[in-house]
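Source file coords21.txt; content: compact mmCIF, C-alpha atoms and all ligand atoms.
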# COMPACT_ATOMS: atom_id res chain seq x y z
CA MET Z 1 -9.07 65.64 60.68
CA SER Z 2 -6.94 62.56 60.95
CA ARG Z 3 -8.79 59.39 60.26
CA THR Z 4 -8.25 56.15 62.14
CA LEU Z 5 -9.07 52.92 60.32
CA ALA Z 6 -11.02 50.08 61.91
CA SER Z 7 -7.90 47.93 61.80
CA GLN Z 8 -5.92 50.55 63.77
CA VAL Z 9 -8.16 51.13 66.80
CA ALA Z 10 -6.11 48.75 68.98
CA GLN Z 11 -3.22 51.21 68.76
CA HIS Z 12 -5.38 54.05 70.16
CA VAL Z 13 -6.78 52.68 73.41
CA GLY Z 14 -7.84 55.56 75.68
CA GLN Z 15 -7.68 58.08 72.83
CA THR Z 16 -10.41 59.84 70.91
CA VAL Z 17 -10.46 58.82 67.28
CA THR Z 18 -12.38 59.67 64.14
CA LEU Z 19 -13.69 56.76 62.10
CA GLN Z 20 -15.37 56.85 58.72
CA GLY Z 21 -17.18 54.04 57.01
CA PHE Z 22 -20.50 52.31 56.57
CA LEU Z 23 -23.08 51.16 59.09
CA HIS Z 24 -22.52 47.44 58.70
CA TRP Z 25 -24.97 46.23 61.31
CA LYS Z 26 -26.88 47.60 64.32
CA ARG Z 27 -28.64 46.33 67.40
CA ASN Z 28 -30.76 48.23 69.89
CA LEU Z 29 -30.72 46.95 73.48
CA GLY Z 30 -33.09 49.56 74.88
CA GLY Z 31 -30.79 51.93 76.68
CA ILE Z 32 -27.82 51.24 74.52
CA GLN Z 33 -27.17 50.57 70.87
CA PHE Z 34 -24.38 48.68 69.20
CA ALA Z 35 -23.25 49.44 65.71
CA LEU Z 36 -20.62 47.87 63.55
CA LEU Z 37 -18.72 50.28 61.38
CA ARG Z 38 -17.09 48.82 58.29
CA ASP Z 39 -14.35 50.54 56.38
CA LYS Z 40 -11.83 49.41 53.80
CA SER Z 41 -9.66 47.85 56.50
CA GLY Z 42 -12.23 45.91 58.51
CA ILE Z 43 -14.97 46.21 61.10
CA VAL Z 44 -15.12 47.83 64.53
CA GLN Z 45 -17.86 47.94 67.14
CA VAL Z 46 -19.26 51.30 68.16
CA VAL Z 47 -21.34 51.87 71.30
CA VAL Z 48 -24.02 54.47 70.71
CA ASP Z 49 -26.23 56.02 73.37
CA LYS Z 50 -29.91 56.96 73.10
CA ARG Z 51 -29.19 60.49 71.89
CA PHE Z 52 -28.53 59.16 68.42
CA GLU Z 53 -30.91 57.39 66.12
CA LEU Z 54 -29.22 54.86 63.87
CA PRO Z 55 -30.45 54.84 60.25
CA LEU Z 56 -30.69 51.84 57.95
CA ALA Z 57 -27.64 49.68 57.47
CA GLU Z 58 -25.13 50.74 54.80
CA SER Z 59 -25.54 54.46 55.54
CA SER Z 60 -22.17 56.20 55.24
CA MET Z 61 -21.03 57.74 58.49
CA LYS Z 62 -18.47 59.38 60.70
CA VAL Z 63 -17.91 58.48 64.35
CA VAL Z 64 -15.88 60.44 66.87
CA GLY Z 65 -15.29 58.53 70.08
CA GLN Z 66 -12.99 56.98 72.61
CA VAL Z 67 -11.36 53.59 72.11
CA VAL Z 68 -11.70 51.13 74.99
CA ALA Z 69 -10.65 47.54 75.37
CA SER Z 70 -13.67 45.25 75.35
CA PRO Z 71 -13.07 41.51 75.35
CA LYS Z 72 -16.61 40.85 74.11
CA ALA Z 73 -16.36 43.12 71.08
CA PRO Z 74 -15.20 41.67 67.76
CA GLY Z 75 -11.45 42.22 67.67
CA GLY Z 76 -11.34 43.04 71.40
CA TYR Z 77 -11.88 46.82 71.21
CA GLU Z 78 -14.78 49.17 70.78
CA VAL Z 79 -15.37 52.87 70.32
CA ILE Z 80 -17.73 54.79 72.62
CA ALA Z 81 -19.37 57.30 70.31
CA GLU Z 82 -19.28 60.93 71.39
CA ASP Z 83 -20.46 62.26 68.07
CA LEU Z 84 -22.06 60.69 65.00
CA GLU Z 85 -22.61 62.11 61.58
CA PHE Z 86 -24.28 60.47 58.57
CA TYR Z 87 -23.05 61.56 55.17
CA ALA Z 88 -25.84 59.78 53.30
CA LYS Z 89 -28.46 57.65 54.98
CA ALA Z 90 -29.54 54.53 53.15
CA SER Z 91 -33.03 55.18 51.84
CA GLU Z 92 -34.06 51.54 51.60
CA PRO Z 93 -32.98 48.30 53.23
CA SER Z 94 -30.10 46.63 51.45
CA PRO Z 95 -31.40 43.87 49.12
CA ILE Z 96 -28.62 41.65 50.48
CA GLU Z 97 -27.89 41.17 54.14
CA ILE Z 98 -24.26 42.15 53.92
CA PRO Z 99 -23.04 40.94 57.34
CA LYS Z 100 -24.24 37.43 56.53
CA GLU Z 101 -21.23 36.29 54.60
CA GLU Z 102 -22.50 32.81 53.81
CA TRP Z 103 -25.39 34.02 51.72
CA ARG Z 104 -27.85 31.28 51.02
CA VAL Z 105 -29.30 33.15 48.12
CA ASN Z 106 -29.31 32.45 44.43
CA PRO Z 107 -25.89 33.40 42.97
CA GLU Z 108 -27.74 35.39 40.31
CA THR Z 109 -29.18 37.58 43.06
CA LEU Z 110 -25.71 38.33 44.37
CA LEU Z 111 -24.61 39.38 40.90
CA GLU Z 112 -27.81 41.35 40.33
CA TYR Z 113 -27.08 43.40 43.42
CA ARG Z 114 -23.34 43.38 42.96
CA TYR Z 115 -23.13 47.12 43.70
CA VAL Z 116 -23.91 46.32 47.34
CA SER Z 117 -23.12 42.61 47.67
CA LEU Z 118 -19.49 43.47 46.85
CA ARG Z 119 -19.34 45.43 50.10
CA GLY Z 120 -19.27 42.20 52.09
CA GLU Z 121 -15.86 41.49 53.54
CA LYS Z 122 -15.66 38.08 51.91
CA ALA Z 123 -17.13 39.24 48.63
CA ARG Z 124 -14.66 42.07 48.22
CA ALA Z 125 -11.59 40.11 49.31
CA PRO Z 126 -10.93 38.17 46.04
CA LEU Z 127 -10.72 41.38 44.02
CA LYS Z 128 -8.23 42.81 46.47
CA VAL Z 129 -6.12 39.66 46.12
CA GLN Z 130 -6.43 39.99 42.34
CA ALA Z 131 -5.20 43.58 42.47
CA ALA Z 132 -2.15 42.34 44.39
CA LEU Z 133 -1.53 39.61 41.80
CA VAL Z 134 -1.65 42.18 39.02
CA ARG Z 135 0.67 44.49 40.95
CA GLY Z 136 3.07 41.58 41.37
CA PHE Z 137 2.82 40.90 37.63
CA ARG Z 138 3.74 44.46 36.72
CA ASN Z 139 6.48 44.83 39.32
CA TYR Z 140 8.21 41.60 38.38
CA LEU Z 141 8.15 42.29 34.65
CA ASP Z 142 9.30 45.88 35.11
CA ARG Z 143 12.30 44.55 37.02
CA GLN Z 144 13.03 42.13 34.17
CA GLY Z 145 13.22 44.91 31.61
CA PHE Z 146 9.75 44.57 30.09
CA THR Z 147 7.83 47.56 28.75
CA GLU Z 148 4.12 47.91 29.39
CA ILE Z 149 2.10 48.39 26.21
CA PHE Z 150 -1.46 49.45 25.46
CA THR Z 151 -2.93 47.94 22.33
CA PRO Z 152 -6.28 48.51 20.58
CA LYS Z 153 -9.35 46.67 21.73
CA ILE Z 154 -11.24 47.58 18.56
CA VAL Z 155 -9.74 45.50 15.80
CA SER Z 156 -10.42 44.56 12.19
CA ALA Z 157 -9.94 40.79 12.59
CA GLY Z 158 -9.75 38.10 15.24
CA ALA Z 159 -6.38 36.91 16.50
CA GLU Z 160 -7.60 33.61 17.94
CA GLY Z 161 -9.98 32.30 15.30
CA GLY Z 162 -13.40 33.46 14.24
CA SER Z 163 -15.76 31.47 16.40
CA ASN Z 164 -16.10 33.70 19.44
CA LEU Z 165 -15.74 37.23 18.10
CA PHE Z 166 -18.00 40.10 19.07
CA GLY Z 167 -18.74 42.20 16.02
CA ILE Z 168 -19.34 45.93 16.33
CA ASP Z 169 -20.30 48.72 13.97
CA TYR Z 170 -17.33 50.95 13.31
CA PHE Z 171 -18.80 53.77 11.24
CA GLU Z 172 -19.20 52.24 7.78
CA HIS Z 173 -17.03 49.22 8.59
CA ARG Z 174 -17.35 45.97 10.45
CA ALA Z 175 -15.00 45.78 13.43
CA TYR Z 176 -14.53 43.40 16.36
CA LEU Z 177 -13.71 43.53 20.04
CA ALA Z 178 -10.20 42.14 20.57
CA GLN Z 179 -10.06 38.50 21.68
CA SER Z 180 -6.43 38.97 22.68
CA PRO Z 181 -3.59 41.39 21.97
CA GLN Z 182 -1.74 38.56 20.21
CA LEU Z 183 -0.73 40.28 16.96
CA TYR Z 184 0.03 43.59 18.63
CA LYS Z 185 2.18 42.18 21.38
CA GLN Z 186 4.17 40.30 18.73
CA ILE Z 187 4.61 43.49 16.70
CA MET Z 188 5.80 45.27 19.85
CA VAL Z 189 8.47 42.61 20.41
CA GLY Z 190 9.98 44.03 17.22
CA VAL Z 191 10.08 47.38 19.03
CA TYR Z 192 10.92 46.76 22.70
CA GLU Z 193 11.85 43.04 22.66
CA ARG Z 194 10.07 42.40 25.98
CA VAL Z 195 6.53 43.63 26.52
CA TYR Z 196 3.46 43.06 28.65
CA GLU Z 197 -0.11 44.24 28.78
CA VAL Z 198 -2.85 44.20 31.40
CA ALA Z 199 -6.18 44.75 29.67
CA PRO Z 200 -9.66 43.34 29.16
CA VAL Z 201 -10.32 41.11 26.18
CA PHE Z 202 -13.60 39.85 24.80
CA ARG Z 203 -14.88 36.42 23.88
CA ALA Z 204 -18.37 35.68 22.65
CA GLU Z 205 -18.61 32.41 24.57
CA GLN Z 206 -22.02 30.94 23.82
CA HIS Z 207 -22.27 28.79 26.90
CA ALA Z 208 -22.55 29.73 30.52
CA THR Z 209 -19.86 27.81 32.42
CA SER Z 210 -18.11 28.31 35.74
CA ARG Z 211 -14.85 29.23 33.98
CA HIS Z 212 -15.84 31.41 31.04
CA LEU Z 213 -16.45 35.12 30.98
CA ASN Z 214 -17.32 37.22 27.97
CA GLU Z 215 -14.98 39.93 29.13
CA TYR Z 216 -11.90 39.04 31.13
CA LEU Z 217 -8.61 40.53 32.21
CA SER Z 218 -5.77 39.16 30.14
CA LEU Z 219 -2.25 39.38 31.56
CA ASP Z 220 -0.15 39.18 28.43
CA VAL Z 221 3.59 38.72 28.08
CA GLU Z 222 5.75 38.48 24.97
CA MET Z 223 9.54 38.32 24.68
CA GLY Z 224 12.08 38.21 21.89
CA PHE Z 225 15.37 36.39 21.32
CA ILE Z 226 14.36 33.18 23.07
CA GLU Z 227 15.87 29.77 22.42
CA SER Z 228 12.63 27.86 22.82
CA GLU Z 229 9.28 27.85 24.61
CA TYR Z 230 11.07 26.55 27.70
CA ASP Z 231 12.55 30.05 28.21
CA VAL Z 232 9.00 31.33 28.27
CA MET Z 233 7.89 28.70 30.80
CA ASP Z 234 10.88 29.53 32.99
CA LEU Z 235 9.84 33.16 32.97
CA GLU Z 236 6.22 32.34 33.77
CA GLU Z 237 7.27 30.22 36.73
CA GLU Z 238 9.30 33.02 38.25
CA LEU Z 239 6.60 35.51 37.44
CA LEU Z 240 3.93 33.44 39.18
CA ARG Z 241 6.10 33.10 42.27
CA ALA Z 242 6.50 36.88 42.37
CA MET Z 243 2.77 37.47 41.84
CA LEU Z 244 1.73 35.03 44.53
CA ASP Z 245 4.32 36.41 46.86
CA GLU Z 246 2.91 39.90 46.44
CA ALA Z 247 -0.61 38.62 47.17
CA ARG Z 248 0.54 36.62 50.14
CA HIS Z 249 2.24 39.61 51.75
CA SER Z 250 0.14 42.59 50.79
CA THR Z 251 -3.25 40.89 51.13
CA ALA Z 252 -2.50 38.59 54.03
CA ALA Z 253 -5.72 39.59 55.83
CA GLU Z 254 -7.89 38.86 52.79
CA CYS Z 255 -6.16 35.53 52.19
CA LYS Z 256 -6.76 34.57 55.81
CA LEU Z 257 -10.41 35.55 55.61
CA LEU Z 258 -10.82 33.45 52.46
CA GLU Z 259 -8.87 30.58 54.04
CA VAL Z 260 -6.53 30.48 51.07
CA GLU Z 261 -4.60 27.27 50.86
CA TRP Z 262 -1.19 28.24 49.60
CA PRO Z 263 -0.18 26.34 46.45
CA ASN Z 264 3.11 24.56 46.01
CA LEU Z 265 5.28 27.08 44.20
CA ALA Z 266 8.49 25.11 44.43
CA GLU Z 267 7.80 22.95 41.42
CA MET Z 268 5.84 23.43 38.23
CA PRO Z 269 6.62 20.31 36.21
CA ARG Z 270 6.35 20.13 32.45
CA LEU Z 271 4.58 17.24 30.85
CA GLU Z 272 4.58 16.79 27.10
CA HIS Z 273 1.15 16.58 25.55
CA GLN Z 274 1.73 13.08 24.22
CA GLU Z 275 2.65 11.83 27.67
CA ALA Z 276 -0.32 13.63 29.23
CA ARG Z 277 -2.56 11.91 26.67
CA ARG Z 278 -1.08 8.54 27.53
CA ILE Z 279 -1.67 9.13 31.25
CA LEU Z 280 -5.25 10.14 30.60
CA ARG Z 281 -5.86 7.11 28.42
CA GLU Z 282 -3.93 4.41 30.22
CA GLU Z 283 -3.80 5.49 33.83
CA LEU Z 284 -7.04 7.41 34.14
CA GLY Z 285 -9.12 5.58 31.55
CA MET Z 286 -10.22 8.74 29.76
CA PRO Z 287 -10.42 8.82 25.97
CA VAL Z 288 -9.05 12.19 24.79
CA GLY Z 289 -8.62 14.23 21.64
CA ALA Z 290 -6.02 16.78 20.58
CA ASP Z 291 -7.32 19.46 22.90
CA PHE Z 292 -8.16 18.63 26.49
CA ASN Z 293 -11.61 19.38 27.76
CA GLU Z 294 -12.47 20.58 31.24
CA GLU Z 295 -12.76 17.05 32.61
CA ALA Z 296 -9.40 15.97 31.22
CA GLU Z 297 -7.73 19.06 32.68
CA ARG Z 298 -9.28 18.40 36.06
CA ALA Z 299 -8.17 14.78 35.96
CA LEU Z 300 -4.60 15.72 35.03
CA GLY Z 301 -4.51 18.31 37.79
CA ALA Z 302 -5.65 15.77 40.35
CA TRP Z 303 -3.19 13.20 39.00
CA ALA Z 304 -0.26 15.64 39.30
CA LYS Z 305 -1.31 16.63 42.80
CA GLU Z 306 -1.42 13.05 43.92
CA LYS Z 307 1.68 11.89 42.12
CA TRP Z 308 3.96 14.88 42.60
CA GLY Z 309 2.21 17.10 45.13
CA VAL Z 310 2.09 19.99 42.66
CA ASP Z 311 -0.60 22.56 41.96
CA PHE Z 312 0.84 23.94 38.73
CA LEU Z 313 1.39 21.71 35.71
CA PHE Z 314 2.64 22.74 32.28
CA ILE Z 315 1.45 20.72 29.28
CA ALA Z 316 4.05 21.27 26.56
CA LYS Z 317 4.27 20.47 22.85
CA TYR Z 318 0.61 20.77 21.99
CA PRO Z 319 -0.39 19.27 18.63
CA GLU Z 320 -0.89 21.63 15.71
CA ALA Z 321 -4.55 20.72 15.53
CA ALA Z 322 -5.17 22.28 18.93
CA ARG Z 323 -3.17 25.48 18.41
CA PRO Z 324 -3.65 28.69 16.45
CA PHE Z 325 -1.74 29.20 13.19
CA TYR Z 326 0.95 31.33 14.82
CA ALA Z 327 2.25 28.46 17.02
CA TYR Z 328 5.78 27.37 16.12
CA PRO Z 329 5.56 23.95 14.42
CA GLU Z 330 8.10 21.32 15.36
CA GLY Z 331 7.63 19.54 12.04
CA ASP Z 332 6.29 16.35 13.61
CA GLY Z 333 2.71 17.52 14.07
CA SER Z 334 3.44 19.10 17.43
CA THR Z 335 4.12 22.74 18.26
CA ARG Z 336 6.06 24.73 20.79
CA GLY Z 337 2.75 25.70 22.35
CA PHE Z 338 1.94 25.00 25.99
CA ASP Z 339 -0.82 25.38 28.54
CA LEU Z 340 -0.47 25.82 32.26
CA LEU Z 341 -2.97 24.14 34.54
CA PHE Z 342 -3.47 25.44 38.06
CA ARG Z 343 -5.40 23.07 40.31
CA GLY Z 344 -6.76 21.39 37.21
CA LEU Z 345 -7.87 24.53 35.35
CA GLU Z 346 -6.15 26.06 32.34
CA ILE Z 347 -4.98 29.49 33.42
CA THR Z 348 -2.49 30.11 30.61
CA SER Z 349 -1.85 29.40 26.96
CA GLY Z 350 1.49 30.31 25.50
CA GLY Z 351 4.42 29.17 23.47
CA GLN Z 352 7.01 30.05 20.91
CA ARG Z 353 5.63 31.73 17.79
CA ILE Z 354 6.55 31.51 14.17
CA HIS Z 355 8.89 34.41 13.36
CA ARG Z 356 9.43 33.82 9.62
CA TYR Z 357 7.03 35.11 7.00
CA GLU Z 358 7.18 32.03 4.76
CA THR Z 359 6.46 29.63 7.60
CA LEU Z 360 3.45 31.68 8.68
CA VAL Z 361 1.99 31.64 5.18
CA GLU Z 362 2.56 27.91 5.02
CA GLN Z 363 0.86 27.30 8.38
CA LEU Z 364 -2.08 29.50 7.45
CA LYS Z 365 -2.64 27.51 4.27
CA LYS Z 366 -2.24 24.24 6.10
CA LYS Z 367 -5.04 25.28 8.42
CA GLY Z 368 -7.24 26.08 5.43
CA ASN Z 369 -6.93 29.88 5.64
CA ASP Z 370 -6.43 32.26 2.77
CA PRO Z 371 -3.28 34.23 3.63
CA ALA Z 372 -4.81 37.25 1.86
CA HIS Z 373 -7.26 37.52 4.76
CA PHE Z 374 -4.34 37.80 7.16
CA ALA Z 375 -2.45 40.49 5.25
CA GLY Z 376 -2.57 42.80 8.27
CA TYR Z 377 -1.15 40.14 10.54
CA LEU Z 378 1.55 39.12 8.10
CA GLU Z 379 3.06 42.52 7.25
CA VAL Z 380 5.40 42.81 10.22
CA PHE Z 381 6.96 39.42 9.47
CA LYS Z 382 8.49 40.88 6.34
CA PHE Z 383 10.67 43.01 8.58
CA GLY Z 384 12.94 40.73 10.55
CA MET Z 385 11.13 39.43 13.63
CA PRO Z 386 13.33 37.73 16.26
CA PRO Z 387 12.54 34.26 17.61
CA HIS Z 388 9.95 35.06 20.24
CA GLY Z 389 7.26 33.70 22.47
CA GLY Z 390 4.93 34.57 25.28
CA PHE Z 391 1.77 33.71 27.09
CA ALA Z 392 -1.42 35.07 28.59
CA ILE Z 393 -2.76 34.45 32.07
CA GLY Z 394 -6.50 34.78 32.68
CA ALA Z 395 -6.50 36.95 35.80
CA GLU Z 396 -9.93 35.82 36.96
CA ARG Z 397 -9.14 32.12 36.59
CA LEU Z 398 -5.92 32.51 38.54
CA THR Z 399 -7.81 34.38 41.26
CA GLN Z 400 -10.65 31.86 41.23
CA LYS Z 401 -8.34 28.91 41.76
CA LEU Z 402 -6.12 30.65 44.28
CA VAL Z 403 -8.88 31.77 46.62
CA GLY Z 404 -11.26 28.89 45.89
CA LEU Z 405 -14.24 30.52 44.21
CA PRO Z 406 -16.94 28.25 42.81
CA ASN Z 407 -17.38 30.43 39.76
CA VAL Z 408 -15.04 32.69 37.79
CA ARG Z 409 -17.69 35.40 37.80
CA TYR Z 410 -16.95 36.22 41.43
CA ALA Z 411 -13.40 37.06 40.41
CA ARG Z 412 -14.66 40.03 38.43
CA ALA Z 413 -16.40 43.07 39.90
CA PHE Z 414 -19.03 43.31 37.19
CA PRO Z 415 -18.96 40.11 35.15
CA ARG Z 416 -20.26 39.91 31.63
CA ASP Z 417 -21.70 36.50 30.92
CA ARG Z 418 -24.13 35.03 28.42
CA HIS Z 419 -27.09 36.67 30.08
CA ARG Z 420 -25.65 39.55 32.04
CA LEU Z 421 -24.97 43.07 30.86
CA THR Z 422 -25.80 44.85 34.14
CA PRO Z 423 -24.85 46.18 36.62
P1 LIG Z 501 -6.19 31.62 25.13
O1 LIG Z 501 -7.29 31.85 24.17
O2 LIG Z 501 -5.95 30.22 25.57
O3 LIG Z 501 -4.82 32.15 24.54
O4 LIG Z 501 -6.43 32.51 26.41
C1 LIG Z 501 -5.42 32.66 27.38
C2 LIG Z 501 -5.98 32.49 28.77
O5 LIG Z 501 -7.06 33.38 28.99
C3 LIG Z 501 -8.02 32.79 29.85
N1 LIG Z 501 -9.31 32.73 29.17
C4 LIG Z 501 -10.50 33.03 29.75
N2 LIG Z 501 -10.80 33.41 30.99
C5 LIG Z 501 -12.11 33.65 31.28
N3 LIG Z 501 -13.09 33.53 30.37
C6 LIG Z 501 -12.83 33.16 29.11
N4 LIG Z 501 -13.83 33.08 28.22
C7 LIG Z 501 -11.48 32.88 28.74
N5 LIG Z 501 -10.88 32.48 27.61
C8 LIG Z 501 -9.57 32.41 27.88
C9 LIG Z 501 -7.50 31.43 30.21
C10 LIG Z 501 -6.55 31.12 29.06
O6 LIG Z 501 -5.57 30.22 29.42
N6 LIG Z 501 -3.13 34.70 22.57
C11 LIG Z 501 -3.20 33.51 23.41
C12 LIG Z 501 -2.20 33.58 24.55
C13 LIG Z 501 -0.75 33.50 24.12
O7 LIG Z 501 -0.42 32.51 23.44
O8 LIG Z 501 0.02 34.40 24.48
C14 LIG Z 501 -4.59 33.37 23.96
O9 LIG Z 501 -5.37 34.29 24.02
O10 LIG Z 501 -6.80 31.56 31.43

In C-alpha cells, how does this file's structure come out?
Ligand code: AMO
Amino acid sequence: MSRTLASQVAQHVGQTVTLQGFLHWKRNLGGIQFALLRDKSGIVQVVVDKRFELPLAESSMKVVGQVVASPKAPGGYEVIAEDLEFYAKASEPSPIEIPKEEWRVNPETLLEYRYVSLRGEKARAPLKVQAALVRGFRNYLDRQGFTEIFTPKIVSAGAEGGSNLFGIDYFEHRAYLAQSPQLYKQIMVGVYERVYEVAPVFRAEQHATSRHLNEYLSLDVEMGFIESEYDVMDLEEELLRAMLDEARHSTAAECKLLEVEWPNLAEMPRLEHQEARRILREELGMPVGADFNEEAERALGAWAKEKWGVDFLFIAKYPEAARPFYAYPEGDGSTRGFDLLFRGLEITSGGQRIHRYETLVEQLKKKGNDPAHFAGYLEVFKFGMPPHGGFAIGAERLTQKLVGLPNVRYARAFPRDRHRLTP
C-alpha cells in the first residue's frame, strides 16, 4: 500500500489514493457526510456516503478514494471515499474540541489533556519548529568540528548553586538531578576541545512563572582554546542563524500557521553590563541590581528593538556577584560572563570560564564556599585545561519567543511545573 499524505492530494487529482490519519471533524448533511482527515502533514476533506457510519472524532482511520478538485473544500481538493476502515474508534468524546484552535479554555485544562490537545495543528506546530531548531543546532556544530557528548543527569552536587536542586535517593547516598552539564562539558573540552549536548536538565524552581520549567531542554556548547568570551558570542551568533534557518526552511508550514514574525538575524549587538545598567537607570528610569530581573530584561529588549531594530541582544561583562564561581574574573569586579536576550527574554547564559586551578580555588573562597566541597569539580583543573568557554540555550524559551507563545510550558510536550507531574 502506498500512502498519500493530506498535503499531497493536489498532486493526485483523478487518481485513487489511500489516506491514513485521524477523524478530525465530521458533519452529516442527511444524504451525505463530510469528514476531515488529519495526518502529520495537514488536513483533507473526505466525502462519505450513507453506507458508512462515522465514529467519534479522533478515531484513527484509513480512507481509499478518488481525489477531485473542489473549490469549496479546505485546500481546494477533496477525496470521495470508496472504502473506509477504522483502526481504533474513539470510545469517548475528546475532552478538547481539537478543530477549534483558539481554545477559550483554561490553560490548565489544555495541559491536563495534553495527550489529545497536542493533536491540534496549532498546538503541535511549536514542537515541530523546536525539533528543527535542535536539528539545526546539531548540524551546525557537527560541521564546526564539535563532538556530541552525553553526560550524567544523576549527580553528586549542583553545578549552578544549591538553591534549586532536586534531591533524590541514590541507594544509601544523597544525589541530585543535574541542573546543567556545566562541569562535565568543561571536562570534555579537555578531551575533544569542542563539545555539545542536547539533554534535559532539572531546576526546582519554587514559583510558577511563564518562563520557568522544572525540566527543560538545555542546548549546551563548550569550546577550548578561545581568546575571550567574544569568540563564544561569535559562535553563538552563527549557530543561531543556522538554527533559525533550518526552522524557517524545514518547518515553513508550521511557521506560517503560527504567523511567526522572523527576527532580525543580521545583527546581535553586544552591550556591556555597566552600560546596560546605565541605560536602565538613566534612560528607562528603572533602578537595577547586579542581576537583571524579568522586567529589566524586557525593558532592555524593547529599548534595543526601538533603538537598533534588533531582536537579539548580548549583555557582556556581567559582575561577579551575578555569576557562578566558574566565570572568568576580569579583576575589576566584572567577569567574562554574558547573557543573550531574545525579544527581551534571557535565552542564554555563557562566557569564558576559569581554566586555572588556583584561580578557581580563589573564586570559590571569595564567594564564601569551602573548596573541599568542590573537590570533584576541581580535580580536572590540576591537569592542564585550555582557556575555554561556552553557553547554554534554553530550547523552550527560544521556541517560545520565536513562535510567540504566552507561556514556556507550551514549548514542551509534557511540561513539569510547580504543580504538574502528569501527563
Ligand atoms: P543558566 O542557569 O542561566 O546557565 O541556564 C541557561 C539557560 O537555560 C534556560 N533556563 C530555563 N529555561 C526554562 N526553565 C528554567 N527554569 C530555566 N532555567 C534556565 C535559560 C537560560 O539562559 N551552565 C550555565 C550555562 C553556561 O554558562 O554554559 C547555565 O546553566 O534560557

Compute the set of protein, DNA and RNA residues whose minimum atom distance to ligand LIG 501 (chain Z) is at most 7 Å, using only C-alpha atoms and all ligand atoms, and state it as a ChimeraX atom specification.
/Z:160,179-182,203,205,211-216,218,220-221,339,346-351,390-397

Distance of atom CA of Gly190 of chain Z from atom CA of Thr335 of chain Z, expressed in Å to one decimal place:
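These atoms are spaced 22.1 Å apart.
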
When you count all atoms listed in the file, which of these residues is closest to Gly309 of chain Z: Z:Glu295, Z:Ala35, Z:Leu345, Z:Glu267?
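Selected residue with least distance to Gly309 of chain Z: Z:Glu267.
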
So how far away is atom CA of Gly344 of chain Z from atom CA of Ala132 of chain Z, in Å?
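Separation of atom CA of Ala132 of chain Z and atom CA of Gly344 of chain Z: 22.6 Å.
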
Give the answer as one residue: which of Z:Ala159, Z:Ala204, Z:Ala178, Z:Val134 has the shortest atom-to-atom distance to Ala242 of chain Z, using only C-alpha atoms?
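Answer, going by the shortest atom-to-atom distance: Z:Val134.
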
Mind running segment 83-155 of chain Z against segment 245-258 of chain Z at 9 Å and telling me each contacting residue's nearest atom pair with the distance in Å (one decimal), counting all atoms listed in the file, chain and number ascending, as a tab-separated table?
residue	atom	partner	partner_atom	distance
Z:Glu121	CA	Z:Leu257	CA	8.3
Z:Lys122	CA	Z:Leu258	CA	6.7
Z:Arg124	CA	Z:Glu254	CA	8.8
Z:Ala125	CA	Z:Glu254	CA	5.2
Z:Pro126	CA	Z:Glu254	CA	7.4
Z:Lys128	CA	Z:Thr251	CA	7.1
Z:Val129	CA	Z:Ala247	CA	5.7
Z:Gln130	CA	Z:Ala247	CA	7.7
Z:Ala131	CA	Z:Ala247	CA	8.2
Z:Ala132	CA	Z:Ala247	CA	4.9
Z:Leu133	CA	Z:Ala247	CA	5.5
Z:Val134	CA	Z:Ala247	CA	9.0
Z:Arg135	CA	Z:Glu246	CA	7.5
Z:Gly136	CA	Z:Glu246	CA	5.3
Z:Phe137	CA	Z:Glu246	CA	8.9
